[in-house]
Each structure stands twice: as C-alpha cells, then as structure tokens.
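Reviewing the structure listed below.
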Number of protein chains: 2
Amino acid sequence: MDKDISQAVIGRLPRYLRYLGELKDKNVERISSSELSAMMKVTASQIRQDLNNFGGFGQQGYGYNVDFLYSEISKILGLEKQYNFVIIGAGNLGKALGGYLNFEKRGFILKGVFDQNPKLYGTMVRDVKVMPMEDLPSFIKENDIDIAVLTIPKEGAVLVSKVLVENGIKAIWNFAHVDLDVPENVQVENVHLSDSLMKLSYNISSYNKNKEGSEGGEAFV
Amino acid sequence: MDKDISQAVIGRLPRYLRYLGELKDKNVERISSSELSAMMKVTASQIRQDLNNFGGFGQQGYGYNVDFLYSEISKILGLEKQYNFVIIGAGNLGKALGGYLNFEKRGFILKGVFDQNPKLYGTMVRDVKVMPMEDLPSFIKENDIDIAVLTIPKEGAVLVSKVLVENGIKAIWNFAHVDLDVPENVQVENVHLSDSLMKLSYNISSYNKNKEGSEGGEAFV
C-alpha cells in the first residue's frame, strides 16, 4: 500500500501528526479537511490528496476521526516500533540531540554516545556515558542499534559511515556537511544546517529585490 | 529574473554550491553537466533544468566554469552580503549553532545570544556573552540584526517571534517544534528535527516491509 509514495508526501506526514497530536490533547474527536486546512495553512485538496495515498481515512460529511488518523499516520511512519540509536560526536549538537525527551516519547531510545576525544570518555550525555570510538562496532551488534546519528565533521563522518555499514546499521541521521555513499539498504536522512541557512539568505535577499522592484514604481513590461 | 523559482530548486542550490566549492578547492576550472551529474548523483538533465532557471551558465561543448558558477550561485543565494544574527536560547543547540565557524565564513555573523535563565547571563557562546531576554528588543534595533535563531521550546518561540517581528527582524531560523505565524515580510525557515527523524523511521520500516514482501516470494498481482 505505501510503496511509491513520494518523499515529499512522507515529509509532510510528521506535520499532520503534530497537528493531530495537538487536537488529541484538546480532546477534539473529529475534524473536517477544511478545518484542518485552515489550521495548517495548506489547501483542503492537498490534505485529501496526501491522505488518499494511504487509503483516505475520511468520511464524506463526517471528516476525519482524530484518534484514528493519528494512530494510522503513526503506523505509516513506523512509529509503533522502538528504534535504538547511538550518537557519534559528543559535542554540543550531540548533547542537544541526546537530550531531547520527545525523541524517546516517539520510541527513539538513546543507547550509546561515542567520541574520539579521550577527555570525554565517561562524561554523561543525559544518562548515557560517552564511550571510545573503538567500542562502536561491537556495541552496535550487541545492542541491536538501528540508527546512528552523526554529529562529527565531514571527514570523520565518511569514515565512520563505512564502519557503521560494515556492522549492520539500518539508518544514519547525518548532520555532517557531506553526502554519504552507503548501500541502498541503509537509509540516510541528511540535516544540512548551512543549506537551510542559505535558503533563508536567499529568501531575505529575494524579498528585498522584489520589494525594491515594486517600490520603484516600474511599469509592467 | 529569480522570481517564481520554486523553493525546491532553491533548496537544491546550496548542494550545488557545496560540490562546486570542493571542485574549486581542487583547482578544477570547468566541469560538464555529466561529470557534475555523476558526482552529485542527480541526472544531467536535472542539473541543466535547475541552472536554466537562472539563465543557464553553461556553454555547449565546454561545460560550466566552476569559479563563475560558484560565484553566480552565491549571489543568487544572497551570500555576497553579510547577515547579523542572534541566537535565542543558550542551551546545547544554541551553543552548537553559535559555534559553527562555517556560518561566519558564509557571512552570517553572530552578534548576540539571549536566554531567560539568569544563571547563564554573562556565560560565553563562542566569543559572545549571553544576555537577558529583556535586552533583546533594543539589541535588535541597535545592532542591525537580520536573523534570529530560535532554539527554545515551542511556547516560548511563539511569544518571542512576536517580539522579534515587532522589532523589525527580517528572518527567523526556527528550531522550535511549532509553525510560527508571522507577516509575509518576515522569512521563516523551519528545522523540525523530529520530523526529519520520523522520515527516517518511515524509510526503515518501509524498506523492511518491501524486503519482507519480496523475500516472501509473493506472485505479482
């Protein structure tokens, strides 16, 4: 059923889940696509299209059952399972990601943190001790680790990704500023922070240009 | 010229810039779209299409001039200017973002860090002292701040975004897990980390399902 769904649609599902979670918290039982549309500021037709990818869930004249839709989207996103993860890199970003309690609520369990700096061995990230990189391969196998989070510079990230792949990692959440070359059975999700910052500078500069253009009172050509 | 270019294309430009930067570092002077395609693992036709949005830059039989293309894309992304930014929230994520020297190389200059925790006042994020939130409005105006980075929980982020807008901020880089409601002259770029993590769990679980399906030897139906 959920083959061939575009990554764009998948990318929008967590946002649906977030809004539905807020509705659940407010004990809202059902919602129409037009109400959801107003809240989320996307068109009702986009919402219907997105959810139709998974069989719809809506009923004419009734709308969506919030609890049901929430739990179906959770299942689609694979959130009914538990994922064990390790963080490679015990710097500020690694510590920030290790500290997010929301990840644990979603079933992502922090099992280990690794760093190559001996000064950090034994220091704590939340309730997990930082371990030396040499221990990483055996740790992945013995602790059934699904996901590795890479918060190290790009040269290290490329090397470590090979070690991870050799030891059977299923997925890499990559914060290093490099594209990783891994086999197709290993899922990679990149968070390239400076790419995101450049989108912002584009939008600032493009907005200013358009404003200057219109304020200049140029005739339409 | 660069009106109405889709955010998807804009979103891909920083990646072009990254690869072109690496080529520049290796003193490569020109590259064909097919070579670039092989490096970046996107089709040559996608590359030509993307770059045609901005007038092309390529010459038949010559390929792209690396330096020229790098500097043109930099300009398109608004990177020829300097942007002053502040970080709201001096936790681990704020510290991580404040510490990225690469941002400064791109022209994003950290001017101030703010937090509501008095214990953090005066502590340092890189070479910048953490200041109380009360000082934020005047600081934005007096220091010509373009961008505010929000690394605080969602309730705070909504309140602070209003203060930012009232004081003339141009853009918000939002790491809080909430959509901000700001006027259209304020640019927002969201980094919703748990959304990204859920895409990963989707891809792990979807890959497993497809594998089970094919290993099960089911007939095509």
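Chain identifiers are assigned as A, B, and so on, following the order in which chains appear in the structure tokens; residues are numbered from 1 within each chain, and ligands are numbered from 1 in order of appearance.
Using only C-alpha atoms, we find that the part of chain A lying within 6 Å of chain B comprises Pro14, Leu77, Gly78, Asn92, Leu93, Ala96, Asp195, Ser201, Tyr202 and Ser205 of chain A.
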May I have chain B as a CSV table (one decimal) with C-alpha atoms, in the first residue's frame, after a least-squares superposition on chain A that uses all C-alpha atoms paired in order?
chain,number,residue,atom,x,y,z
B,1,MET,CA,0.1,0.0,-0.1
B,2,ASP,CA,2.7,2.5,0.8
B,3,LYS,CA,5.1,1.8,-2.0
B,4,ASP,CA,6.0,4.6,-4.4
B,5,ILE,CA,4.8,7.3,-2.2
B,6,SER,CA,6.8,10.4,-2.9
B,7,GLN,CA,9.3,11.6,-0.2
B,8,ALA,CA,7.5,14.9,-0.4
B,9,VAL,CA,4.3,13.4,0.9
B,10,ILE,CA,6.2,11.4,3.5
B,11,GLY,CA,7.9,14.6,4.5
B,12,ARG,CA,4.6,16.2,5.2
B,13,LEU,CA,3.2,13.4,7.4
B,14,PRO,CA,5.0,14.4,10.6
B,15,ARG,CA,3.4,17.8,10.4
B,16,TYR,CA,0.0,16.2,10.1
B,17,LEU,CA,0.9,14.1,13.1
B,18,ARG,CA,1.9,17.2,15.1
B,19,TYR,CA,-1.4,19.0,14.4
B,20,LEU,CA,-3.4,15.9,15.1
B,21,GLY,CA,-1.5,15.4,18.4
B,22,GLU,CA,-2.4,18.9,19.4
B,23,LEU,CA,-6.1,18.2,18.6
B,24,LYS,CA,-5.9,15.0,20.6
B,25,ASP,CA,-4.5,16.9,23.6
B,26,LYS,CA,-7.5,19.2,23.3
B,27,ASN,CA,-9.8,16.2,23.2
B,28,VAL,CA,-11.1,17.0,19.7
B,29,GLU,CA,-12.7,13.9,18.3
B,30,ARG,CA,-13.1,14.8,14.7
B,31,ILE,CA,-12.1,17.4,12.2
B,32,SER,CA,-13.1,18.3,8.6
B,33,SER,CA,-10.4,18.7,6.0
B,34,SER,CA,-11.4,22.4,5.7
B,35,GLU,CA,-10.9,23.0,9.4
B,36,LEU,CA,-7.6,21.1,9.3
B,37,SER,CA,-6.7,23.1,6.2
B,38,ALA,CA,-7.3,26.4,8.0
B,39,MET,CA,-5.1,25.3,10.9
B,40,MET,CA,-2.3,24.0,8.8
B,41,LYS,CA,-2.5,26.6,6.1
B,42,VAL,CA,-2.5,24.1,3.3
B,43,THR,CA,-5.4,23.6,0.9
B,44,ALA,CA,-8.1,21.1,1.8
B,45,SER,CA,-7.5,19.4,-1.5
B,46,GLN,CA,-3.8,19.0,-0.7
B,47,ILE,CA,-4.8,17.3,2.6
B,48,ARG,CA,-7.3,15.0,0.9
B,49,GLN,CA,-4.7,14.1,-1.8
B,50,ASP,CA,-1.9,13.4,0.8
B,51,LEU,CA,-4.1,11.2,2.9
B,52,ASN,CA,-5.6,9.4,-0.1
B,53,ASN,CA,-2.1,8.0,-0.7
B,54,PHE,CA,-2.8,5.8,2.3
B,55,GLY,CA,-6.4,5.0,1.7
B,56,GLY,CA,-8.1,8.2,2.7
B,57,PHE,CA,-9.4,7.8,6.2
B,58,GLY,CA,-12.0,10.5,5.8
B,59,GLN,CA,-15.8,10.1,5.5
B,60,GLN,CA,-18.0,12.3,3.5
B,61,GLY,CA,-19.9,14.7,5.8
B,62,TYR,CA,-18.1,13.5,8.9
B,63,GLY,CA,-14.5,14.5,8.4
B,64,TYR,CA,-11.5,12.7,10.0
B,65,ASN,CA,-11.6,10.8,13.2
B,66,VAL,CA,-8.6,12.5,15.0
B,67,ASP,CA,-7.5,9.5,17.2
B,68,PHE,CA,-7.8,7.0,14.3
B,69,LEU,CA,-6.0,9.3,11.8
B,70,TYR,CA,-3.2,10.0,14.4
B,71,SER,CA,-2.7,6.3,15.0
B,72,GLU,CA,-2.8,5.4,11.3
B,73,ILE,CA,-0.2,8.1,10.4
B,74,SER,CA,2.0,6.9,13.3
B,75,LYS,CA,1.9,3.4,11.9
B,76,ILE,CA,2.7,4.6,8.4
B,77,LEU,CA,5.7,6.5,9.8
B,78,GLY,CA,6.9,3.3,11.5
B,79,LEU,CA,6.4,4.9,15.0
B,80,GLU,CA,4.7,1.8,16.5
B,81,LYS,CA,8.1,0.3,16.8
B,82,GLN,CA,11.1,1.1,19.0
B,83,TYR,CA,14.4,2.2,17.5
B,84,ASN,CA,17.7,2.1,19.3
B,85,PHE,CA,20.1,4.8,18.4
B,86,VAL,CA,23.6,5.9,19.1
B,87,ILE,CA,25.1,9.4,18.7
B,88,ILE,CA,28.6,9.7,17.2
B,89,GLY,CA,30.1,13.0,18.4
B,90,ALA,CA,29.6,14.3,22.0
B,91,GLY,CA,29.9,18.0,21.1
B,92,ASN,CA,27.1,20.5,21.7
B,93,LEU,CA,25.0,19.2,18.8
B,94,GLY,CA,25.3,15.6,20.0
B,95,LYS,CA,24.4,16.7,23.5
B,96,ALA,CA,21.4,18.6,22.3
B,97,LEU,CA,20.1,15.7,20.3
B,98,GLY,CA,20.8,13.3,23.1
B,99,GLY,CA,18.8,15.5,25.5
B,100,TYR,CA,15.5,15.6,23.5
B,101,LEU,CA,13.0,13.8,25.6
B,102,ASN,CA,10.5,14.0,22.7
B,103,PHE,CA,12.5,11.5,20.7
B,104,GLU,CA,12.2,9.0,23.4
B,105,LYS,CA,8.4,9.6,23.6
B,106,ARG,CA,8.3,8.7,19.9
B,107,GLY,CA,10.1,5.4,20.5
B,108,PHE,CA,13.7,6.5,19.7
B,109,ILE,CA,15.8,5.2,22.5
B,110,LEU,CA,19.4,6.6,23.1
B,111,LYS,CA,21.6,3.7,23.9
B,112,GLY,CA,25.2,5.0,23.5
B,113,VAL,CA,27.3,8.1,22.7
B,114,PHE,CA,30.7,7.8,21.1
B,115,ASP,CA,33.6,10.3,20.7
B,116,GLN,CA,37.2,10.1,19.7
B,117,ASN,CA,38.3,12.6,22.4
B,118,PRO,CA,39.6,10.7,25.5
B,119,LYS,CA,38.7,13.6,27.7
B,120,LEU,CA,35.1,13.0,27.1
B,121,TYR,CA,35.1,9.3,27.9
B,122,GLY,CA,32.9,8.6,30.9
B,123,THR,CA,31.2,12.1,30.8
B,124,MET,CA,27.4,11.9,30.6
B,125,VAL,CA,25.0,12.8,27.8
B,126,ARG,CA,21.7,12.6,29.6
B,127,ASP,CA,22.0,9.2,31.3
B,128,VAL,CA,24.4,7.7,28.9
B,129,LYS,CA,28.2,7.5,29.2
B,130,VAL,CA,30.4,8.7,26.4
B,131,MET,CA,32.5,5.7,25.0
B,132,PRO,CA,35.6,5.5,22.8
B,133,MET,CA,35.1,5.1,19.1
B,134,GLU,CA,36.9,1.7,19.2
B,135,ASP,CA,33.9,0.3,21.1
B,136,LEU,CA,31.4,1.3,18.4
B,137,PRO,CA,31.4,-1.8,16.1
B,138,SER,CA,30.8,-4.3,18.9
B,139,PHE,CA,28.3,-2.0,20.6
B,140,ILE,CA,26.2,-1.8,17.5
B,141,LYS,CA,25.9,-5.5,17.2
B,142,GLU,CA,25.4,-6.3,20.8
B,143,ASN,CA,22.8,-3.7,21.5
B,144,ASP,CA,20.7,-4.0,18.4
B,145,ILE,CA,21.3,-0.5,17.2
B,146,ASP,CA,19.1,0.7,14.4
B,147,ILE,CA,20.1,4.3,13.9
B,148,ALA,CA,23.4,6.2,14.2
B,149,VAL,CA,23.3,10.0,14.5
B,150,LEU,CA,26.4,11.6,13.0
B,151,THR,CA,27.3,14.9,14.6
B,152,ILE,CA,31.0,15.0,13.6
B,153,PRO,CA,32.9,16.9,10.9
B,154,LYS,CA,32.6,15.6,7.3
B,155,GLU,CA,36.0,13.8,7.0
B,156,GLY,CA,35.2,11.7,10.1
B,157,ALA,CA,31.6,11.2,9.0
B,158,VAL,CA,32.6,9.5,5.8
B,159,LEU,CA,35.0,7.1,7.6
B,160,VAL,CA,32.6,6.3,10.4
B,161,SER,CA,29.7,5.7,7.9
B,162,LYS,CA,31.7,2.8,6.5
B,163,VAL,CA,32.2,1.3,9.9
B,164,LEU,CA,28.5,1.7,10.6
B,165,VAL,CA,27.6,0.0,7.3
B,166,GLU,CA,30.0,-2.9,7.9
B,167,ASN,CA,28.4,-3.5,11.3
B,168,GLY,CA,24.9,-3.7,10.0
B,169,ILE,CA,23.4,-0.2,10.9
B,170,LYS,CA,20.0,0.3,9.3
B,171,ALA,CA,19.9,4.1,9.2
B,172,ILE,CA,22.1,7.1,9.5
B,173,TRP,CA,20.8,10.6,10.6
B,174,ASN,CA,23.6,12.7,9.1
B,175,PHE,CA,24.3,16.2,10.4
B,176,ALA,CA,27.8,16.3,8.7
B,177,HIS,CA,28.1,18.6,5.8
B,178,VAL,CA,28.7,15.8,3.2
B,179,ASP,CA,26.7,13.3,1.2
B,180,LEU,CA,27.4,9.8,2.4
B,181,ASP,CA,27.9,6.9,0.0
B,182,VAL,CA,26.1,3.9,1.5
B,183,PRO,CA,24.3,0.8,0.1
B,184,GLU,CA,20.6,1.2,-0.6
B,185,ASN,CA,19.6,-1.0,2.3
B,186,VAL,CA,20.9,1.8,4.7
B,187,GLN,CA,18.5,4.7,5.0
B,188,VAL,CA,20.1,8.2,5.2
B,189,GLU,CA,18.4,11.4,6.3
B,190,ASN,CA,20.5,14.5,5.9
B,191,VAL,CA,20.2,17.6,8.0
B,192,HIS,CA,22.5,20.1,6.3
B,193,LEU,CA,22.1,23.1,8.6
B,194,SER,CA,24.1,25.5,6.4
B,195,ASP,CA,21.9,24.6,3.4
B,196,SER,CA,18.9,25.6,5.4
B,197,LEU,CA,20.5,28.9,6.5
B,198,MET,CA,21.3,29.7,2.8
B,199,LYS,CA,17.6,29.2,1.9
B,200,LEU,CA,16.9,31.9,4.5
B,201,SER,CA,19.5,34.3,3.0
B,202,TYR,CA,18.0,33.6,-0.4
B,203,ASN,CA,14.5,34.5,0.8
B,204,ILE,CA,15.7,37.6,2.6
B,205,SER,CA,17.5,38.9,-0.4
B,206,SER,CA,14.8,37.8,-2.9
B,207,TYR,CA,12.1,39.5,-0.8
B,208,ASN,CA,14.2,42.7,-0.7
B,209,LYS,CA,14.7,42.7,-4.5
B,210,ASN,CA,11.1,42.2,-5.2
B,211,LYS,CA,10.2,45.0,-2.8
B,212,GLU,CA,12.7,47.4,-4.3
B,213,GLY,CA,11.3,46.5,-7.7
B,214,SER,CA,7.7,47.2,-6.7
B,215,GLU,CA,8.6,50.3,-4.7
B,216,GLY,CA,10.5,51.6,-7.6
B,217,GLY,CA,7.2,51.9,-9.4
B,218,GLU,CA,8.4,50.2,-12.6
B,219,ALA,CA,5.9,49.6,-15.3
B,220,PHE,CA,5.0,46.1,-16.1
B,221,VAL,CA,7.0,44.9,-19.1
As a list in words, please: every residue in stretch 59-121 of chain A that DSSP puts in alpha helix (DSSP H). Val66, Asp67, Phe68, Leu69, Tyr70, Ser71, Glu72, Ile73, Ser74, Lys75, Ile76, Asn92, Leu93, Gly94, Lys95, Ala96, Leu97, Gly98, Gly99, Leu101, Asn102, Phe103, Glu104 and Lys105 of chain A
Could you save the residues just selected, with C-alpha atoms, as an mmCIF file, in the first residue's frame?
data_model
loop_
_atom_site.group_PDB
_atom_site.id
_atom_site.type_symbol
_atom_site.label_atom_id
_atom_site.label_comp_id
_atom_site.auth_asym_id
_atom_site.auth_seq_id
_atom_site.Cartn_x
_atom_site.Cartn_y
_atom_site.Cartn_z
ATOM 1 C CA VAL A 66 -8.604 12.440 15.032
ATOM 2 C CA ASP A 67 -7.521 9.445 17.132
ATOM 3 C CA PHE A 68 -7.784 7.022 14.258
ATOM 4 C CA LEU A 69 -5.944 9.269 11.800
ATOM 5 C CA TYR A 70 -3.230 9.966 14.381
ATOM 6 C CA SER A 71 -2.651 6.303 15.014
ATOM 7 C CA GLU A 72 -2.737 5.393 11.295
ATOM 8 C CA ILE A 73 -0.166 8.060 10.414
ATOM 9 C CA SER A 74 1.973 6.901 13.359
ATOM 10 C CA LYS A 75 1.896 3.379 11.946
ATOM 11 C CA ILE A 76 2.713 4.574 8.437
ATOM 12 C CA ASN A 92 27.108 20.499 21.686
ATOM 13 C CA LEU A 93 24.968 19.200 18.846
ATOM 14 C CA GLY A 94 25.329 15.582 20.001
ATOM 15 C CA LYS A 95 24.405 16.657 23.528
ATOM 16 C CA ALA A 96 21.425 18.644 22.267
ATOM 17 C CA LEU A 97 20.075 15.683 20.275
ATOM 18 C CA GLY A 98 20.768 13.272 23.140
ATOM 19 C CA GLY A 99 18.785 15.499 25.467
ATOM 20 C CA LEU A 101 12.992 13.760 25.610
ATOM 21 C CA ASN A 102 10.483 13.983 22.762
ATOM 22 C CA PHE A 103 12.524 11.520 20.711
ATOM 23 C CA GLU A 104 12.158 8.960 23.488
ATOM 24 C CA LYS A 105 8.392 9.543 23.659
#
